[in-house]
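File shown: work-v2.txt (compact mmCIF, C-alpha atoms and all ligand atoms).
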```txt
# COMPACT_ATOMS: atom_id res chain seq x y z
CA MET H 1 -71.47 63.08 -42.51
CA ASN H 2 -69.11 60.48 -43.96
CA ASN H 3 -68.15 61.52 -47.48
CA THR H 4 -65.83 58.62 -48.25
CA HIS H 5 -66.64 55.79 -50.59
CA ARG H 6 -64.98 52.69 -51.94
CA THR H 7 -64.60 51.99 -55.65
CA LYS H 8 -65.14 48.77 -57.55
CA VAL H 9 -64.29 48.31 -61.24
CA VAL H 10 -65.79 45.62 -63.53
CA ASN H 11 -66.50 45.01 -67.21
CA VAL H 12 -70.24 44.57 -66.87
CA LEU H 13 -72.37 45.71 -63.97
CA VAL H 14 -75.90 44.31 -63.71
CA ILE H 15 -78.40 46.13 -61.51
CA GLY H 16 -80.97 43.61 -60.27
CA THR H 17 -80.80 40.03 -59.06
CA GLY H 18 -84.18 38.95 -60.47
CA ALA H 19 -84.54 36.50 -63.35
CA ALA H 20 -83.74 39.21 -65.91
CA GLY H 21 -80.58 40.38 -64.16
CA LEU H 22 -79.22 36.90 -63.45
CA ARG H 23 -79.83 35.66 -67.00
CA ALA H 24 -78.15 38.78 -68.40
CA ALA H 25 -75.19 38.21 -66.06
CA ILE H 26 -74.83 34.62 -67.27
CA ALA H 27 -74.87 35.77 -70.90
CA ALA H 28 -72.23 38.45 -70.26
CA HIS H 29 -70.06 35.95 -68.39
CA GLU H 30 -70.36 33.45 -71.24
CA ALA H 31 -69.24 36.22 -73.61
CA GLY H 32 -66.01 36.48 -71.62
CA CYS H 33 -66.75 39.53 -69.45
CA GLU H 34 -66.05 40.00 -65.78
CA VAL H 35 -69.52 40.53 -64.33
CA LEU H 36 -70.85 41.83 -61.06
CA VAL H 37 -74.52 41.86 -60.04
CA VAL H 38 -75.92 44.24 -57.42
CA GLY H 39 -79.35 44.17 -55.81
CA LYS H 40 -81.07 45.93 -52.95
CA ARG H 41 -82.50 42.71 -51.48
CA PRO H 42 -81.13 39.28 -50.58
CA ARG H 43 -80.23 37.34 -53.70
CA SER H 44 -82.74 34.60 -52.91
CA ASP H 45 -85.66 37.00 -52.68
CA PRO H 46 -86.14 39.34 -55.65
CA HIS H 47 -89.68 39.93 -56.84
CA THR H 48 -89.33 37.15 -59.42
CA VAL H 49 -90.02 34.60 -56.68
CA LEU H 50 -93.64 35.77 -56.56
CA ALA H 51 -94.36 34.62 -60.11
CA ALA H 52 -96.64 31.67 -59.78
CA GLY H 53 -98.50 30.39 -62.78
CA GLY H 54 -95.89 29.62 -65.40
CA ILE H 55 -93.85 30.58 -68.43
CA ASN H 56 -95.04 30.36 -72.03
CA ALA H 57 -93.11 28.61 -74.78
CA VAL H 58 -94.17 26.54 -77.75
CA LEU H 59 -92.84 23.08 -77.00
CA GLY H 60 -95.75 21.11 -78.41
CA THR H 61 -95.34 18.42 -75.78
CA VAL H 62 -99.07 18.33 -75.07
CA GLU H 63 -100.44 19.83 -78.28
CA PRO H 64 -97.98 19.10 -81.10
CA GLN H 65 -99.91 21.21 -83.62
CA ASP H 66 -98.77 24.39 -81.82
CA SER H 67 -96.22 26.64 -83.56
CA TRP H 68 -94.25 29.80 -82.87
CA GLN H 69 -96.32 31.48 -85.59
CA GLN H 70 -99.50 30.74 -83.62
CA HIS H 71 -97.93 32.03 -80.40
CA PHE H 72 -96.91 35.16 -82.32
CA ALA H 73 -100.45 35.62 -83.69
CA ASP H 74 -102.07 35.08 -80.28
CA THR H 75 -99.73 37.59 -78.66
CA LEU H 76 -100.15 40.31 -81.26
CA GLN H 77 -103.89 39.89 -81.54
CA GLU H 78 -104.58 39.81 -77.82
CA GLY H 79 -102.30 42.81 -77.37
CA TYR H 80 -104.58 44.79 -79.70
CA PHE H 81 -101.68 44.99 -82.18
CA LEU H 82 -99.93 47.49 -79.91
CA ALA H 83 -96.87 45.29 -79.42
CA GLU H 84 -93.72 45.69 -81.47
CA PRO H 85 -93.94 42.74 -83.92
CA ARG H 86 -90.18 42.17 -84.06
CA ALA H 87 -89.95 42.02 -80.27
CA VAL H 88 -92.85 39.55 -80.14
CA GLU H 89 -91.25 37.42 -82.83
CA LEU H 90 -87.97 37.26 -80.93
CA LEU H 91 -89.79 36.40 -77.71
CA VAL H 92 -91.85 33.56 -79.11
CA ARG H 93 -89.04 32.11 -81.24
CA GLU H 94 -86.49 32.16 -78.42
CA ALA H 95 -88.81 31.08 -75.59
CA PRO H 96 -88.61 27.30 -76.25
CA ALA H 97 -84.79 27.24 -76.11
CA ALA H 98 -84.80 29.44 -73.00
CA VAL H 99 -87.24 27.13 -71.20
CA LEU H 100 -85.39 23.97 -72.27
CA GLU H 101 -82.15 25.54 -71.10
CA LEU H 102 -83.69 26.18 -67.67
CA ALA H 103 -84.87 22.57 -67.56
CA ASP H 104 -81.36 21.43 -68.51
CA TRP H 105 -79.94 23.51 -65.67
CA GLY H 106 -82.22 21.65 -63.27
CA CYS H 107 -85.40 23.74 -63.06
CA GLN H 108 -88.10 21.56 -61.55
CA PHE H 109 -90.81 22.08 -64.19
CA ALA H 110 -93.79 19.74 -64.01
CA ARG H 111 -93.52 16.72 -66.31
CA THR H 112 -95.99 14.55 -68.20
CA PRO H 113 -96.13 10.85 -67.23
CA ASP H 114 -93.70 10.10 -70.07
CA GLY H 115 -91.18 12.64 -68.76
CA LYS H 116 -91.75 15.57 -71.15
CA LEU H 117 -92.27 19.12 -69.89
CA ASP H 118 -95.96 19.52 -69.13
CA GLN H 119 -97.87 22.50 -70.55
CA ARG H 120 -101.12 23.98 -69.33
CA PHE H 121 -103.64 26.52 -70.58
CA PHE H 122 -103.27 30.20 -69.94
CA GLY H 123 -105.87 32.72 -71.05
CA ALA H 124 -105.90 33.84 -74.70
CA HIS H 125 -103.49 31.14 -75.82
CA LYS H 126 -104.89 28.86 -78.48
CA TYR H 127 -102.94 25.86 -77.23
CA ARG H 128 -101.48 24.60 -73.98
CA ARG H 129 -98.06 26.22 -73.86
CA THR H 130 -97.44 27.25 -70.26
CA CYS H 131 -94.65 25.39 -68.45
CA TYR H 132 -94.92 25.48 -64.69
CA ALA H 133 -93.45 24.29 -61.42
CA GLY H 134 -96.45 23.89 -59.10
CA ASP H 135 -97.52 27.43 -58.24
CA TYR H 136 -93.96 28.54 -57.55
CA THR H 137 -92.59 28.80 -61.08
CA GLY H 138 -90.76 32.08 -60.43
CA ARG H 139 -89.00 30.68 -57.37
CA ALA H 140 -88.02 27.53 -59.27
CA ILE H 141 -86.57 29.61 -62.12
CA LEU H 142 -84.76 31.96 -59.75
CA GLU H 143 -83.19 29.10 -57.78
CA THR H 144 -82.03 27.51 -61.03
CA LEU H 145 -80.43 30.73 -62.24
CA LEU H 146 -78.81 31.35 -58.86
CA LYS H 147 -77.25 27.89 -58.89
CA ARG H 148 -75.89 28.61 -62.35
CA VAL H 149 -74.54 32.00 -61.28
CA ASN H 150 -72.83 30.40 -58.27
CA ARG H 151 -71.37 27.69 -60.43
CA LEU H 152 -69.92 30.28 -62.81
CA ARG H 153 -68.63 32.21 -59.76
CA ILE H 154 -70.34 35.42 -60.80
CA ALA H 155 -70.17 37.86 -57.89
CA ILE H 156 -73.34 39.29 -56.35
CA HIS H 157 -73.40 42.25 -53.95
CA GLU H 158 -76.62 42.22 -51.91
CA TYR H 159 -78.28 45.12 -50.08
CA GLN H 160 -76.71 47.63 -52.45
CA TYR H 161 -79.17 50.40 -53.24
CA VAL H 162 -78.28 52.08 -56.52
CA SER H 163 -79.21 55.74 -56.24
CA ARG H 164 -77.68 57.21 -59.39
CA LEU H 165 -76.29 56.24 -62.77
CA LEU H 166 -73.00 57.97 -63.55
CA ILE H 167 -73.16 59.61 -66.95
CA ASN H 168 -70.56 61.38 -69.03
CA ASP H 169 -71.26 62.59 -72.55
CA ARG H 170 -74.46 60.49 -72.70
CA GLN H 171 -72.54 57.34 -71.75
CA CYS H 172 -73.20 55.44 -68.55
CA TYR H 173 -69.87 54.48 -66.95
CA GLY H 174 -71.06 53.23 -63.59
CA VAL H 175 -73.37 53.78 -60.65
CA MET H 176 -73.40 55.20 -57.16
CA ALA H 177 -74.76 52.81 -54.52
CA PHE H 178 -74.99 52.57 -50.76
CA ASP H 179 -75.20 49.60 -48.44
CA LEU H 180 -78.65 49.39 -46.88
CA HIS H 181 -77.22 48.07 -43.60
CA SER H 182 -73.99 49.97 -43.04
CA GLY H 183 -74.67 53.03 -45.20
CA GLU H 184 -71.25 52.55 -46.80
CA ARG H 185 -71.12 54.06 -50.27
CA THR H 186 -69.63 52.40 -53.32
CA VAL H 187 -68.89 53.80 -56.75
CA TYR H 188 -69.11 50.97 -59.26
CA LEU H 189 -67.26 51.74 -62.49
CA ALA H 190 -68.10 49.58 -65.51
CA ASP H 191 -67.68 49.40 -69.28
CA ALA H 192 -71.36 48.50 -69.54
CA VAL H 193 -74.28 48.79 -67.12
CA ILE H 194 -77.39 46.61 -67.48
CA LEU H 195 -80.50 47.94 -65.80
CA ALA H 196 -82.75 45.04 -64.70
CA ALA H 197 -84.35 46.62 -61.65
CA GLY H 198 -87.93 45.38 -62.09
CA GLY H 199 -91.24 47.16 -62.60
CA HIS H 200 -93.18 50.12 -61.22
CA THR H 201 -96.59 48.71 -60.32
CA ARG H 202 -96.34 49.65 -56.64
CA CYS H 203 -97.59 53.07 -57.63
CA TRP H 204 -101.10 51.55 -57.38
CA ARG H 205 -102.51 51.21 -53.87
CA ARG H 206 -103.90 47.73 -54.56
CA SER H 207 -101.22 45.73 -56.26
CA SER H 208 -99.92 42.18 -56.36
CA SER H 209 -96.43 43.59 -55.89
CA ARG H 210 -94.74 43.64 -52.52
CA ARG H 211 -95.08 46.90 -50.67
CA ASP H 212 -91.39 47.75 -50.95
CA GLU H 213 -90.70 46.42 -54.44
CA ASN H 214 -91.59 47.29 -58.02
CA THR H 215 -91.16 50.90 -57.03
CA GLY H 216 -89.94 51.96 -60.45
CA ASP H 217 -86.32 52.51 -59.39
CA GLY H 218 -85.00 51.44 -62.78
CA MET H 219 -87.28 53.84 -64.61
CA TRP H 220 -86.34 56.67 -62.27
CA LEU H 221 -82.61 55.99 -62.60
CA ALA H 222 -82.92 55.98 -66.38
CA LEU H 223 -85.07 59.10 -66.46
CA GLN H 224 -82.68 60.95 -64.19
CA ALA H 225 -79.84 59.94 -66.50
CA GLY H 226 -81.57 61.53 -69.48
CA CYS H 227 -83.36 58.54 -71.03
CA GLU H 228 -86.82 58.74 -72.49
CA LEU H 229 -89.38 56.34 -71.00
CA ILE H 230 -91.96 54.88 -73.35
CA ASP H 231 -95.12 52.78 -73.01
CA MET H 232 -95.34 53.40 -69.26
CA GLU H 233 -99.11 52.95 -69.42
CA LEU H 234 -98.84 49.39 -70.71
CA VAL H 235 -99.18 47.67 -67.36
CA GLN H 236 -100.92 44.36 -66.90
CA PHE H 237 -103.86 44.35 -64.52
CA HIS H 238 -104.18 40.82 -63.22
CA PRO H 239 -107.89 40.11 -62.84
CA THR H 240 -107.91 37.88 -59.77
CA GLY H 241 -106.48 38.62 -56.35
CA MET H 242 -107.41 38.94 -52.68
CA VAL H 243 -109.19 42.03 -51.33
CA ALA H 244 -109.68 40.94 -47.72
CA PRO H 245 -108.42 40.74 -45.05
CA GLU H 246 -106.44 43.94 -45.47
CA THR H 247 -103.14 42.17 -44.67
CA MET H 248 -103.70 39.90 -47.67
CA ALA H 249 -105.01 42.61 -50.01
CA GLY H 250 -103.31 42.39 -53.37
CA THR H 251 -102.20 38.76 -53.02
CA LEU H 252 -102.48 37.23 -56.44
CA VAL H 253 -104.92 34.42 -57.22
CA THR H 254 -102.97 32.85 -60.03
CA GLU H 255 -104.39 32.43 -63.49
CA ALA H 256 -103.77 28.71 -63.11
CA VAL H 257 -106.86 28.65 -60.87
CA ARG H 258 -108.94 29.74 -63.86
CA GLY H 259 -106.92 27.59 -66.23
CA GLU H 260 -107.78 24.55 -64.15
CA GLY H 261 -111.53 25.28 -64.09
CA GLY H 262 -112.01 28.10 -61.57
CA ARG H 263 -115.09 30.25 -62.24
CA LEU H 264 -116.04 33.83 -61.48
CA TYR H 265 -119.42 34.82 -60.05
CA ASN H 266 -120.96 38.14 -59.11
CA SER H 267 -122.95 38.81 -55.95
CA GLU H 268 -126.11 37.63 -57.73
CA GLY H 269 -124.58 34.21 -58.35
CA GLU H 270 -124.25 34.87 -62.06
CA ARG H 271 -121.25 33.52 -63.96
CA PHE H 272 -120.84 36.93 -65.51
CA MET H 273 -118.08 36.13 -68.01
CA GLU H 274 -120.84 34.47 -70.06
CA ARG H 275 -121.92 38.00 -70.96
CA TYR H 276 -118.46 39.43 -71.66
CA ASP H 277 -116.75 36.63 -73.55
CA PRO H 278 -119.14 33.68 -74.00
CA GLU H 279 -116.60 31.51 -75.77
CA ARG H 280 -113.53 31.86 -73.62
CA LEU H 281 -115.26 32.74 -70.34
CA GLU H 282 -112.70 32.83 -67.48
CA LEU H 283 -109.93 32.06 -69.96
CA SER H 284 -110.50 35.30 -71.79
CA THR H 285 -107.64 37.80 -71.85
CA ARG H 286 -106.64 39.30 -68.53
CA ASP H 287 -107.57 42.82 -69.60
CA ARG H 288 -111.09 41.74 -70.61
CA ILE H 289 -111.66 39.90 -67.33
CA ALA H 290 -110.26 42.82 -65.34
CA LEU H 291 -112.61 45.19 -67.18
CA ALA H 292 -115.54 42.81 -66.61
CA ASN H 293 -114.73 42.70 -62.88
CA TYR H 294 -114.55 46.46 -62.78
CA THR H 295 -117.88 46.84 -64.58
CA GLU H 296 -119.61 44.37 -62.26
CA ILE H 297 -118.28 46.17 -59.18
CA SER H 298 -119.13 49.65 -60.42
CA GLU H 299 -122.65 48.52 -61.34
CA GLY H 300 -123.24 47.24 -57.80
CA ARG H 301 -122.75 43.51 -58.26
CA GLY H 302 -119.44 43.29 -56.39
CA GLY H 303 -118.67 41.39 -53.23
CA PRO H 304 -119.16 42.67 -49.66
CA ASN H 305 -115.51 43.73 -49.35
CA GLY H 306 -115.65 46.03 -52.34
CA GLY H 307 -113.85 43.56 -54.50
CA VAL H 308 -114.84 40.88 -56.89
CA PHE H 309 -116.16 37.43 -56.66
CA ARG H 310 -115.82 33.89 -55.66
CA VAL H 311 -113.43 31.88 -57.74
CA GLN H 312 -114.36 28.27 -57.49
CA ARG H 313 -114.32 25.21 -59.60
CA SER H 314 -117.96 24.37 -60.14
CA GLY H 315 -120.30 27.17 -59.16
CA PRO H 316 -121.67 28.99 -56.13
CA GLY H 317 -122.05 26.82 -53.09
CA ALA H 318 -119.85 24.08 -54.51
C1 LIG S 401 -97.76 38.06 -58.06
C2 LIG S 401 -97.09 37.97 -59.40
C3 LIG S 401 -97.24 36.83 -60.17
C4 LIG S 401 -96.61 36.72 -61.42
N1 LIG S 401 -96.77 35.58 -62.15
C5 LIG S 401 -96.15 35.46 -63.35
C6 LIG S 401 -96.27 34.27 -64.13
O1 LIG S 401 -96.94 33.33 -63.75
N2 LIG S 401 -95.61 34.21 -65.32
C7 LIG S 401 -94.83 35.25 -65.77
O2 LIG S 401 -94.24 35.13 -66.86
N3 LIG S 401 -94.71 36.39 -65.05
C8 LIG S 401 -95.34 36.52 -63.86
N4 LIG S 401 -95.20 37.67 -63.13
C9 LIG S 401 -94.32 38.72 -63.64
C10 LIG S 401 -92.85 38.34 -63.37
O3 LIG S 401 -92.71 37.92 -62.03
C11 LIG S 401 -91.93 39.52 -63.61
O4 LIG S 401 -92.15 40.05 -64.89
C12 LIG S 401 -90.46 39.11 -63.51
O5 LIG S 401 -90.21 38.29 -62.40
C13 LIG S 401 -89.60 40.35 -63.43
O6 LIG S 401 -88.26 39.95 -63.24
P1 LIG S 401 -87.14 41.04 -63.16
O7 LIG S 401 -85.84 40.33 -63.02
O8 LIG S 401 -87.30 41.99 -64.30
O9 LIG S 401 -87.48 41.91 -61.85
P2 LIG S 401 -87.43 41.56 -60.28
O10 LIG S 401 -87.54 40.12 -59.99
O11 LIG S 401 -88.40 42.51 -59.65
O12 LIG S 401 -85.96 41.98 -59.87
C14 LIG S 401 -85.58 43.32 -59.75
C15 LIG S 401 -84.26 43.38 -59.05
O13 LIG S 401 -83.80 44.73 -59.05
C16 LIG S 401 -83.37 45.07 -57.75
N5 LIG S 401 -83.50 46.52 -57.58
C17 LIG S 401 -84.59 47.29 -57.78
N6 LIG S 401 -84.31 48.58 -57.54
C18 LIG S 401 -83.00 48.62 -57.18
C19 LIG S 401 -82.12 49.66 -56.79
N7 LIG S 401 -82.50 50.95 -56.71
N8 LIG S 401 -80.86 49.33 -56.47
C20 LIG S 401 -80.43 48.04 -56.52
N9 LIG S 401 -81.22 47.02 -56.88
C21 LIG S 401 -82.49 47.31 -57.21
C22 LIG S 401 -84.23 44.25 -56.82
O14 LIG S 401 -83.63 44.11 -55.54
C23 LIG S 401 -84.28 42.92 -57.58
O15 LIG S 401 -83.12 42.18 -57.31
C24 LIG S 401 -95.83 37.80 -61.89
C25 LIG S 401 -95.68 38.95 -61.12
C26 LIG S 401 -96.31 39.04 -59.88
C27 LIG S 401 -96.15 40.29 -59.07
```

Just give me the structure of the file as structure tokens.
Amino acid sequence: MNNTHRTKVVNVLVIGTGAAGLRAAIAAHEAGCEVLVVGKRPRSDPHTVLAAGGINAVLGTVEPQDSWQQHFADTLQEGYFLAEPRAVELLVREAPAAVLELADWGCQFARTPDGKLDQRFFGAHKYRRTCYAGDYTGRAILETLLKRVNRLRIAIHEYQYVSRLLINDRQCYGVMAFDLHSGERTVYLADAVILAAGGHTRCWRRSSSRRDENTGDGMWLALQAGCELIDMELVQFHPTGMVAPETMAGTLVTEAVRGEGGRLYNSEGERFMERYDPERLELSTRDRIALANYTEISEGRGGPNGGVFRVQRSGPGA
């Protein structure tokens, strides 16, 4: 067995080339640090590219009466007041600038006829505040960030699988990684390490995550290094996706389909959301729709493939 390794030293090491990792790398670079980003996949293909429907920010381009306070209220209320209010406040207050910055950097968001950023409805939002780029918003954002990273000449090492955080006296001073093609090992030493390695939702058999991503690597690395993980149960169950054929199982049917008038029916042809949330119907919160789907299936009104229902614009047979 080859026990040698090479060593690389940087100021800031970012683990993950998704939207979170790239944006963090840009911020660290702008603060004057030498930054290196590592990821286990090609830089053009982190899980972020699967995000479809859009990104929420109060711009008021379509509904000027919207406000960050309303976005804050919607988010807290629909999260059953479980969210950390300060974190929600930061998110909703900073989202408009973050989205406008992406647009400035060339992100191809959809525009209104008069050239403003368009905004569409997403469930549980009082106003239209979702910016989008067709149904490939994540890819559009990722490409924009990658261009920016290239322009700033921030280095990215692809196919590097980080297997351990290096810890001394409760301080992380680097990581151990190996190259997924050659097996070559690298010890990255850094003044600061940013963990942006994505989620853990592949632990469910049916999932809209790729089979080999969202495997919780970041959580595991942190846990192994002595961190405490919190709120692990707070995972979003997206209510619409494919169940058949098996090769497509888990493929997301974006919320935009419901936002643009798609309806849900059970096997009896009933638009069942009328019973669960008569006002908001298919634009209810994702958790309520997911629970409604689950109830319909477990009470025998599911589809022939064991899943849910037809999503269509104007009713069964249309
Ligand atoms: C089908 C789908 C649709 C979605 N639609 C939307 C939407 O419309 N709007 C919205 O806001 N959100 C949406 N989301 C959620 C959104 O995509 C994610 O929250 C976001 O992209 C996560 O970005 P990230 O940078 O944190 O993680 P990722 O994009 O998953 O990036 C993680 C990075 O970490 C790297 N990595 C992981 N483990 C290791 C390791 N051990 N060593 C080295 N590198 C590692 C990966 O290679 C990758 O580069 C959707 C998600 C899915 C699955």

Could you tell me, counting all atoms listed in the file, which protein and nucleic acid residues lie no more than 8 Å from ligand LIG 401 (chain S), written as a PyMOL selection string?
chain H and resi 15-22+38-43+45-56+137-138+159-163+177+196-199+207-210+213-218+221+251-252+254-255

Expected file contents, prior selection, C-alpha atoms, as a short mmCIF file (atom, residue, chain, number, x, y, z; two decimals), in the coordinates of the input:
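Below is the file part18.cif, written as the result:
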```cif
data_model
loop_
_atom_site.label_atom_id
_atom_site.label_comp_id
_atom_site.auth_asym_id
_atom_site.auth_seq_id
_atom_site.Cartn_x
_atom_site.Cartn_y
_atom_site.Cartn_z
CA ILE H 15 -78.40 46.13 -61.51
CA GLY H 16 -80.97 43.61 -60.27
CA THR H 17 -80.80 40.03 -59.06
CA GLY H 18 -84.18 38.95 -60.47
CA ALA H 19 -84.54 36.50 -63.35
CA ALA H 20 -83.74 39.21 -65.91
CA GLY H 21 -80.58 40.38 -64.16
CA LEU H 22 -79.22 36.90 -63.45
CA VAL H 38 -75.92 44.24 -57.42
CA GLY H 39 -79.35 44.17 -55.81
CA LYS H 40 -81.07 45.93 -52.95
CA ARG H 41 -82.50 42.71 -51.48
CA PRO H 42 -81.13 39.28 -50.58
CA ARG H 43 -80.23 37.34 -53.70
CA ASP H 45 -85.66 37.00 -52.68
CA PRO H 46 -86.14 39.34 -55.65
CA HIS H 47 -89.68 39.93 -56.84
CA THR H 48 -89.33 37.15 -59.42
CA VAL H 49 -90.02 34.60 -56.68
CA LEU H 50 -93.64 35.77 -56.56
CA ALA H 51 -94.36 34.62 -60.11
CA ALA H 52 -96.64 31.67 -59.78
CA GLY H 53 -98.50 30.39 -62.78
CA GLY H 54 -95.89 29.62 -65.40
CA ILE H 55 -93.85 30.58 -68.43
CA ASN H 56 -95.04 30.36 -72.03
CA THR H 137 -92.59 28.80 -61.08
CA GLY H 138 -90.76 32.08 -60.43
CA TYR H 159 -78.28 45.12 -50.08
CA GLN H 160 -76.71 47.63 -52.45
CA TYR H 161 -79.17 50.40 -53.24
CA VAL H 162 -78.28 52.08 -56.52
CA SER H 163 -79.21 55.74 -56.24
CA ALA H 177 -74.76 52.81 -54.52
CA ALA H 196 -82.75 45.04 -64.70
CA ALA H 197 -84.35 46.62 -61.65
CA GLY H 198 -87.93 45.38 -62.09
CA GLY H 199 -91.24 47.16 -62.60
CA SER H 207 -101.22 45.73 -56.26
CA SER H 208 -99.92 42.18 -56.36
CA SER H 209 -96.43 43.59 -55.89
CA ARG H 210 -94.74 43.64 -52.52
CA GLU H 213 -90.70 46.42 -54.44
CA ASN H 214 -91.59 47.29 -58.02
CA THR H 215 -91.16 50.90 -57.03
CA GLY H 216 -89.94 51.96 -60.45
CA ASP H 217 -86.32 52.51 -59.39
CA GLY H 218 -85.00 51.44 -62.78
CA LEU H 221 -82.61 55.99 -62.60
CA THR H 251 -102.20 38.76 -53.02
CA LEU H 252 -102.48 37.23 -56.44
CA THR H 254 -102.97 32.85 -60.03
CA GLU H 255 -104.39 32.43 -63.49
#
```

Top pick for closest residue to Trp68 in chain H, considering H:Arg129, H:Arg280, H:Arg111, H:Lys8 and counting all atoms listed in the file:
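Using all atoms listed in the file, the shortest distance to Trp68 in chain H belongs to H:Arg129.
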
Of the candidates H:Ala103, H:Leu264, H:Ala192, H:Ala292, which one gets nearest to Tyr276 in chain H if we count only C-alpha atoms?
H:Ala292

Residue contacts of Leu283 in chain H (7 Å, only C-alpha atoms) excluding same-chain residues fewer than 4 positions away, as a ChimeraX atom specification
/H:122-124,258-259

Mind checking which residues fall within 12 Å of Ala87 in chain H, counting all atoms listed in the file, ignoring those fewer than 5 positions away in the same chain, and posting them as an NGL selection string?
:H and (72 or 75-76 or 82 or 92-95)

Closest to Ala225 in chain H among H:Leu36, H:Leu90, H:Leu13, H:Val175, using only C-alpha atoms?
H:Val175

Within 10 Å of (-73.4, 56.1, -50.1) (coordinates as in the file), grab all the protein and nucleic acid residues, counting all atoms listed in the file, and write them out as a PDB file with C-alpha atoms, keeping the file's coordinate frame.
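Writing done, so here's result-v3.pdb:
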```
ATOM      1  CA  ASN H   2     -69.110  60.480 -43.960  1.00  0.00           C
ATOM      2  CA  ASN H   3     -68.150  61.520 -47.480  1.00  0.00           C
ATOM      3  CA  THR H   4     -65.830  58.620 -48.250  1.00  0.00           C
ATOM      4  CA  HIS H   5     -66.640  55.790 -50.590  1.00  0.00           C
ATOM      5  CA  ARG H   6     -64.980  52.690 -51.940  1.00  0.00           C
ATOM      6  CA  GLN H 160     -76.710  47.630 -52.450  1.00  0.00           C
ATOM      7  CA  TYR H 161     -79.170  50.400 -53.240  1.00  0.00           C
ATOM      8  CA  VAL H 162     -78.280  52.080 -56.520  1.00  0.00           C
ATOM      9  CA  SER H 163     -79.210  55.740 -56.240  1.00  0.00           C
ATOM     10  CA  MET H 176     -73.400  55.200 -57.160  1.00  0.00           C
ATOM     11  CA  ALA H 177     -74.760  52.810 -54.520  1.00  0.00           C
ATOM     12  CA  PHE H 178     -74.990  52.570 -50.760  1.00  0.00           C
ATOM     13  CA  ASP H 179     -75.200  49.600 -48.440  1.00  0.00           C
ATOM     14  CA  LEU H 180     -78.650  49.390 -46.880  1.00  0.00           C
ATOM     15  CA  SER H 182     -73.990  49.970 -43.040  1.00  0.00           C
ATOM     16  CA  GLY H 183     -74.670  53.030 -45.200  1.00  0.00           C
ATOM     17  CA  GLU H 184     -71.250  52.550 -46.800  1.00  0.00           C
ATOM     18  CA  ARG H 185     -71.120  54.060 -50.270  1.00  0.00           C
ATOM     19  CA  THR H 186     -69.630  52.400 -53.320  1.00  0.00           C
ATOM     20  CA  VAL H 187     -68.890  53.800 -56.750  1.00  0.00           C
TER      21      VAL H 187
END
```

Per residue of range 88-128 of chain H within 10 Å of range 140-146 of chain H, record the nearest atom pair and its distance in Å to one decimal, counting all atoms listed in the file, with rows in chain order and ascending residue number, as JSON lines.
```
{"residue": "H:Val99", "atom": "CA", "partner": "H:Ile141", "partner_atom": "CA", "distance": 9.4}
{"residue": "H:Leu102", "atom": "CA", "partner": "H:Thr144", "partner_atom": "CA", "distance": 7.0}
{"residue": "H:Ala103", "atom": "CA", "partner": "H:Thr144", "partner_atom": "CA", "distance": 8.7}
{"residue": "H:Asp104", "atom": "CA", "partner": "H:Thr144", "partner_atom": "CA", "distance": 9.7}
{"residue": "H:Trp105", "atom": "CA", "partner": "H:Thr144", "partner_atom": "CA", "distance": 6.5}
{"residue": "H:Gly106", "atom": "CA", "partner": "H:Thr144", "partner_atom": "CA", "distance": 6.3}
{"residue": "H:Cys107", "atom": "CA", "partner": "H:Thr144", "partner_atom": "CA", "distance": 5.4}
{"residue": "H:Gln108", "atom": "CA", "partner": "H:Ala140", "partner_atom": "CA", "distance": 6.4}
{"residue": "H:Phe109", "atom": "CA", "partner": "H:Ala140", "partner_atom": "CA", "distance": 7.9}
```

Which one is closest to Tyr188 in chain H: H:Ala25, H:Val35, H:Leu59, H:Leu100? Count all atoms listed in the file.
H:Val35

Centre and size of axis-aligned box enclosing range 254-269 of chain H plus 4 Å each side, as AutoDock Vina command-line options:
```
--center_x -114.5 --center_y 31.7 --center_z -61.1 --size_x 31.1 --size_y 22.3 --size_z 18.3
```

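Going from CA of Gln70 in chain H over to CA of Pro96 in chain H, you cover 13.6 Å.
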
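One distance worth recording is that between CA of Ala110 in chain H and CA of Met242 in chain H, which is 26.1 Å.
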